[in-house]
Amino acid sequence: MKLPTRFSPRTAWSRGLLYGTAMLFALWVLTPLYLIVLAAFSRRQAIYEYPKSLLPFNLSADTMTFFVTSTGVWSSVNHSVIVACATIVLGLLLGAPAGYALARFQFRGRDLFQIALLVTKMFPVAILSIPLAVSFIQWGLYDTLFGVVLIHTAMALPFVVLVTRSVFFGVPQELEEAAMTLGCTRLQAFWRVALPLALPGLAAAAIFTFMISWNEVFAATILTVQNRTLPAQVLTQLNDSPIYYRYAGGFFMIAPALVFIFIIRRYLLNLWGAQ
(Lines give C-alpha, C1' and ligand atoms only; values in the text may rest on other atoms or scores of the structure.)
Protein backbone atom coordinates (compact mmCIF):
# COMPACT_ATOMS: atom_id res chain seq x y z
CA MET A 1 0.00 0.00 0.00
CA LYS A 2 1.43 3.33 -1.07
CA LEU A 3 1.49 5.92 1.66
CA PRO A 4 0.45 9.49 0.81
CA THR A 5 3.34 11.78 0.10
CA ARG A 6 4.05 14.34 2.81
CA PHE A 7 5.10 17.77 1.68
CA SER A 8 7.60 19.69 3.72
CA PRO A 9 7.09 23.44 4.20
CA ARG A 10 10.01 24.03 1.87
CA THR A 11 8.41 21.92 -0.86
CA ALA A 12 5.07 23.66 -0.41
CA TRP A 13 6.77 27.06 -0.58
CA SER A 14 8.65 26.11 -3.78
CA ARG A 15 5.48 24.80 -5.41
CA GLY A 16 3.51 27.88 -4.37
CA LEU A 17 6.24 30.13 -5.79
CA LEU A 18 6.21 28.16 -9.04
CA TYR A 19 2.43 28.39 -9.40
CA GLY A 20 2.43 32.05 -8.45
CA THR A 21 5.07 32.84 -11.07
CA ALA A 22 3.11 30.90 -13.69
CA MET A 23 -0.05 32.84 -12.82
CA LEU A 24 1.81 36.16 -13.11
CA PHE A 25 3.10 35.22 -16.56
CA ALA A 26 -0.39 34.12 -17.58
CA LEU A 27 -1.86 37.43 -16.40
CA TRP A 28 0.91 39.31 -18.20
CA VAL A 29 -0.09 37.63 -21.47
CA LEU A 30 -3.87 37.49 -21.01
CA THR A 31 -4.49 41.02 -19.68
CA PRO A 32 -3.70 42.81 -22.99
CA LEU A 33 -5.77 40.22 -24.86
CA TYR A 34 -8.70 40.78 -22.52
CA LEU A 35 -8.51 44.56 -22.92
CA ILE A 36 -8.37 44.26 -26.72
CA VAL A 37 -11.38 41.93 -26.77
CA LEU A 38 -13.28 44.21 -24.37
CA ALA A 39 -12.60 47.27 -26.52
CA ALA A 40 -13.40 45.40 -29.75
CA PHE A 41 -16.84 44.42 -28.44
CA SER A 42 -17.80 47.78 -26.94
CA ARG A 43 -19.62 50.72 -28.45
CA ARG A 44 -17.41 52.99 -30.49
CA GLN A 45 -17.93 55.95 -28.19
CA ALA A 46 -17.21 53.82 -25.12
CA ILE A 47 -13.53 53.77 -26.12
CA TYR A 48 -13.28 57.44 -25.19
CA GLU A 49 -15.16 57.19 -21.90
CA TYR A 50 -13.36 57.72 -18.59
CA PRO A 51 -13.21 55.98 -16.21
CA LYS A 52 -13.50 52.79 -18.24
CA SER A 53 -15.26 49.71 -16.93
CA LEU A 54 -13.05 46.62 -16.83
CA LEU A 55 -16.05 44.29 -16.72
CA PRO A 56 -18.09 43.32 -19.81
CA PHE A 57 -21.36 44.94 -18.73
CA ASN A 58 -22.27 46.71 -21.98
CA LEU A 59 -21.08 44.50 -24.82
CA SER A 60 -21.85 45.62 -28.34
CA ALA A 61 -21.00 44.54 -31.87
CA ASP A 62 -20.86 48.16 -33.01
CA THR A 63 -17.06 48.40 -33.20
CA MET A 64 -16.59 45.03 -34.88
CA THR A 65 -19.37 45.77 -37.37
CA PHE A 66 -17.66 49.03 -38.29
CA PHE A 67 -14.37 47.19 -38.83
CA VAL A 68 -15.63 44.23 -40.87
CA THR A 69 -17.68 46.48 -43.13
CA SER A 70 -14.69 48.72 -43.86
CA THR A 71 -13.32 48.68 -47.38
CA GLY A 72 -10.76 45.97 -48.09
CA VAL A 73 -11.03 44.08 -44.78
CA TRP A 74 -12.61 40.83 -46.00
CA SER A 75 -10.44 40.63 -49.10
CA SER A 76 -7.33 41.11 -46.94
CA VAL A 77 -8.55 38.40 -44.54
CA ASN A 78 -8.94 36.00 -47.47
CA HIS A 79 -5.47 36.90 -48.67
CA SER A 80 -3.99 36.27 -45.20
CA VAL A 81 -5.68 32.87 -44.92
CA ILE A 82 -4.52 31.82 -48.40
CA VAL A 83 -0.96 33.01 -47.78
CA ALA A 84 -0.73 31.41 -44.32
CA CYS A 85 -2.08 28.03 -45.49
CA ALA A 86 0.14 28.00 -48.58
CA THR A 87 3.15 28.94 -46.43
CA ILE A 88 2.45 26.04 -44.07
CA VAL A 89 2.16 23.55 -46.94
CA LEU A 90 5.24 24.81 -48.78
CA GLY A 91 7.26 25.19 -45.58
CA LEU A 92 6.53 21.63 -44.44
CA LEU A 93 7.11 20.18 -47.92
CA LEU A 94 10.56 21.78 -48.00
CA GLY A 95 11.46 21.81 -44.33
CA ALA A 96 10.36 18.36 -43.14
CA PRO A 97 12.57 16.41 -45.61
CA ALA A 98 15.49 18.70 -44.77
CA GLY A 99 14.94 18.14 -41.05
CA TYR A 100 14.71 14.38 -41.63
CA ALA A 101 17.98 14.40 -43.58
CA LEU A 102 19.74 16.32 -40.80
CA ALA A 103 18.45 13.86 -38.21
CA ARG A 104 19.20 10.64 -40.09
CA PHE A 105 22.24 11.18 -42.32
CA GLN A 106 25.84 12.18 -41.73
CA PHE A 107 27.27 14.24 -44.58
CA ARG A 108 29.99 16.80 -45.14
CA GLY A 109 28.90 20.33 -44.21
CA ARG A 110 26.02 19.16 -42.01
CA ASP A 111 26.95 21.38 -39.06
CA LEU A 112 27.75 24.30 -41.36
CA PHE A 113 24.33 23.96 -42.95
CA GLN A 114 22.62 24.16 -39.56
CA ILE A 115 24.62 27.26 -38.64
CA ALA A 116 23.76 28.82 -42.00
CA LEU A 117 20.06 28.33 -41.22
CA LEU A 118 20.45 30.38 -38.05
CA VAL A 119 22.55 33.02 -39.80
CA THR A 120 19.71 33.70 -42.25
CA LYS A 121 17.60 34.96 -39.33
CA MET A 122 20.19 37.68 -38.65
CA PHE A 123 19.26 39.65 -41.76
CA PRO A 124 16.28 41.95 -41.18
CA VAL A 125 13.69 42.12 -43.92
CA ALA A 126 14.02 45.92 -43.98
CA ILE A 127 17.53 45.65 -45.45
CA LEU A 128 16.34 43.30 -48.18
CA SER A 129 13.10 45.14 -48.97
CA ILE A 130 14.32 47.24 -51.93
CA PRO A 131 16.28 44.40 -53.64
CA LEU A 132 13.29 42.10 -53.12
CA ALA A 133 10.85 44.62 -54.55
CA VAL A 134 13.07 45.20 -57.61
CA SER A 135 13.57 41.46 -58.16
CA PHE A 136 9.87 40.72 -57.78
CA ILE A 137 8.98 43.44 -60.31
CA GLN A 138 11.45 41.92 -62.78
CA TRP A 139 10.10 38.40 -62.21
CA GLY A 140 6.45 39.45 -62.40
CA LEU A 141 5.79 38.47 -58.77
CA TYR A 142 5.20 41.96 -57.39
CA ASP A 143 1.74 42.46 -55.84
CA THR A 144 0.94 38.74 -56.04
CA LEU A 145 0.00 36.36 -53.25
CA PHE A 146 2.51 33.81 -54.54
CA GLY A 147 5.30 36.32 -54.04
CA VAL A 148 4.23 36.89 -50.43
CA VAL A 149 4.07 33.11 -49.92
CA LEU A 150 7.65 32.78 -51.13
CA ILE A 151 8.89 35.45 -48.72
CA HIS A 152 6.98 34.02 -45.76
CA THR A 153 8.23 30.52 -46.56
CA ALA A 154 11.81 31.78 -46.65
CA MET A 155 11.27 33.44 -43.27
CA ALA A 156 9.71 30.34 -41.69
CA LEU A 157 11.90 27.67 -43.27
CA PRO A 158 14.81 27.83 -40.75
CA PHE A 159 12.37 27.29 -37.88
CA VAL A 160 10.65 24.41 -39.68
CA VAL A 161 13.91 22.66 -40.50
CA LEU A 162 15.34 22.93 -36.99
CA VAL A 163 12.06 21.94 -35.29
CA THR A 164 11.49 18.91 -37.53
CA ARG A 165 15.15 17.92 -37.12
CA SER A 166 14.65 17.74 -33.35
CA VAL A 167 11.39 15.84 -33.81
CA PHE A 168 12.89 13.18 -36.09
CA PHE A 169 15.80 12.81 -33.67
CA GLY A 170 13.19 11.68 -31.14
CA VAL A 171 11.76 9.02 -33.47
CA PRO A 172 13.71 5.75 -32.97
CA GLN A 173 15.58 4.84 -36.11
CA GLU A 174 15.19 1.16 -35.22
CA LEU A 175 11.49 1.35 -36.09
CA GLU A 176 12.30 2.42 -39.64
CA GLU A 177 14.96 -0.27 -39.94
CA ALA A 178 12.47 -2.88 -38.76
CA ALA A 179 9.97 -1.68 -41.36
CA MET A 180 12.62 -1.94 -44.09
CA THR A 181 13.46 -5.50 -43.06
CA LEU A 182 9.79 -6.32 -43.57
CA GLY A 183 9.85 -5.09 -47.16
CA CYS A 184 9.38 -1.34 -46.97
CA THR A 185 11.60 1.01 -48.89
CA ARG A 186 13.15 3.95 -47.03
CA LEU A 187 10.49 6.25 -48.44
CA GLN A 188 7.72 3.90 -47.33
CA ALA A 189 9.30 3.55 -43.88
CA PHE A 190 9.42 7.33 -43.62
CA TRP A 191 5.81 7.73 -44.76
CA ARG A 192 4.30 4.90 -42.70
CA VAL A 193 6.47 4.92 -39.57
CA ALA A 194 8.47 8.11 -38.98
CA LEU A 195 5.95 10.63 -40.28
CA PRO A 196 2.96 9.49 -38.14
CA LEU A 197 5.15 9.52 -35.02
CA ALA A 198 6.39 13.00 -35.92
CA LEU A 199 2.92 14.54 -36.38
CA PRO A 200 2.94 16.37 -33.00
CA GLY A 201 6.23 18.02 -33.89
CA LEU A 202 4.99 18.86 -37.37
CA ALA A 203 1.95 20.47 -35.75
CA ALA A 204 4.28 22.63 -33.65
CA ALA A 205 6.19 23.60 -36.79
CA ALA A 206 2.87 24.42 -38.49
CA ILE A 207 1.93 26.71 -35.61
CA PHE A 208 5.23 28.58 -35.84
CA THR A 209 4.81 28.89 -39.59
CA PHE A 210 1.23 30.13 -39.29
CA MET A 211 2.20 32.74 -36.69
CA ILE A 212 5.10 34.01 -38.78
CA SER A 213 2.96 34.31 -41.90
CA TRP A 214 -0.19 35.66 -40.24
CA ASN A 215 1.59 38.38 -38.23
CA GLU A 216 4.21 39.38 -40.81
CA VAL A 217 3.55 42.92 -41.96
CA PHE A 218 6.67 44.55 -43.40
CA ALA A 219 7.28 42.36 -46.45
CA ALA A 220 3.56 42.14 -47.19
CA THR A 221 3.33 45.93 -47.10
CA ILE A 222 6.36 46.52 -49.32
CA LEU A 223 5.58 43.82 -51.88
CA THR A 224 1.84 44.36 -52.34
CA VAL A 225 -0.48 47.20 -53.28
CA GLN A 226 -3.83 45.66 -54.22
CA ASN A 227 -3.39 42.18 -52.74
CA ARG A 228 -2.57 43.13 -49.16
CA THR A 229 -2.80 40.74 -46.24
CA LEU A 230 -4.73 41.74 -43.12
CA PRO A 231 -1.75 43.10 -41.11
CA ALA A 232 -0.61 45.11 -44.12
CA GLN A 233 -4.13 46.42 -44.69
CA VAL A 234 -4.50 47.50 -41.05
CA LEU A 235 -1.04 49.07 -40.99
CA THR A 236 -1.64 51.19 -44.07
CA GLN A 237 -4.86 52.53 -42.55
CA LEU A 238 -3.61 53.21 -39.01
CA ASN A 239 -2.83 56.89 -39.51
CA ASP A 240 -6.27 57.63 -40.96
CA SER A 241 -8.35 55.33 -38.75
CA PRO A 242 -9.95 55.97 -35.32
CA ILE A 243 -8.72 54.14 -32.26
CA TYR A 244 -11.67 51.73 -32.10
CA TYR A 245 -10.78 50.56 -35.63
CA ARG A 246 -7.33 49.64 -34.32
CA TYR A 247 -8.73 47.63 -31.41
CA ALA A 248 -11.08 45.75 -33.71
CA GLY A 249 -8.22 45.10 -36.14
CA GLY A 250 -6.06 43.81 -33.30
CA PHE A 251 -8.76 41.36 -32.23
CA PHE A 252 -9.36 40.28 -35.81
CA MET A 253 -5.67 39.43 -36.20
CA ILE A 254 -5.52 37.54 -32.89
CA ALA A 255 -8.69 35.46 -33.22
CA PRO A 256 -7.74 33.26 -36.24
CA ALA A 257 -4.40 32.37 -34.64
CA LEU A 258 -6.18 31.25 -31.45
CA VAL A 259 -8.66 29.21 -33.48
CA PHE A 260 -5.84 27.56 -35.43
CA ILE A 261 -4.02 26.62 -32.22
CA PHE A 262 -7.26 25.27 -30.73
CA ILE A 263 -7.84 23.03 -33.74
CA ILE A 264 -4.42 21.35 -33.65
CA ARG A 265 -3.93 21.51 -29.88
CA ARG A 266 -4.28 17.73 -29.50
CA TYR A 267 -1.09 17.21 -31.50
CA LEU A 268 0.76 19.57 -29.17
CA LEU A 269 -0.64 17.78 -26.13
CA ASN A 270 0.65 14.50 -27.56
CA LEU A 271 4.05 16.14 -28.09
CA TRP A 272 4.13 17.19 -24.42
CA GLY A 273 2.89 13.81 -23.22
CA ALA A 274 -0.46 15.12 -21.94
CA GLN A 275 -3.79 13.38 -22.34
# chains A, B, ... in the order shown; residues from 1 in each chain; ligands from 1
>>> closest_atom_pairs(of="region 46-89 of chain A", to="region 140-163 of chain A", cutoff="10 Å", atoms="only C-alpha atoms", output="Markdown table")
| residue | atom | partner | partner_atom | distance |
| --- | --- | --- | --- | --- |
| A:His79 | CA | A:Leu145 | CA | 7.2 |
| A:Ser80 | CA | A:Leu145 | CA | 9.0 |
| A:Ile82 | CA | A:Leu145 | CA | 8.0 |
| A:Val83 | CA | A:Val149 | CA | 5.5 |
| A:Ala84 | CA | A:Val149 | CA | 7.6 |
| A:Cys85 | CA | A:Val149 | CA | 9.1 |
| A:Ala86 | CA | A:Val149 | CA | 6.6 |
| A:Thr87 | CA | A:Thr153 | CA | 5.3 |
| A:Ile88 | CA | A:Thr153 | CA | 7.7 |
| A:Val89 | CA | A:Thr153 | CA | 9.2 |
>>> closest_residue(among="A:Met253, A:Ile243, A:Val225, A:Ala39", to="Leu59 (chain A)", atoms="only C-alpha atoms")
A:Ala39
>>> select_by_dssp(residues="region 130-197 of chain A", states="alpha helix (DSSP H)", output="number ranges by chain")
A: 130-139, 145-169, 173-181, 186-189, 195-197
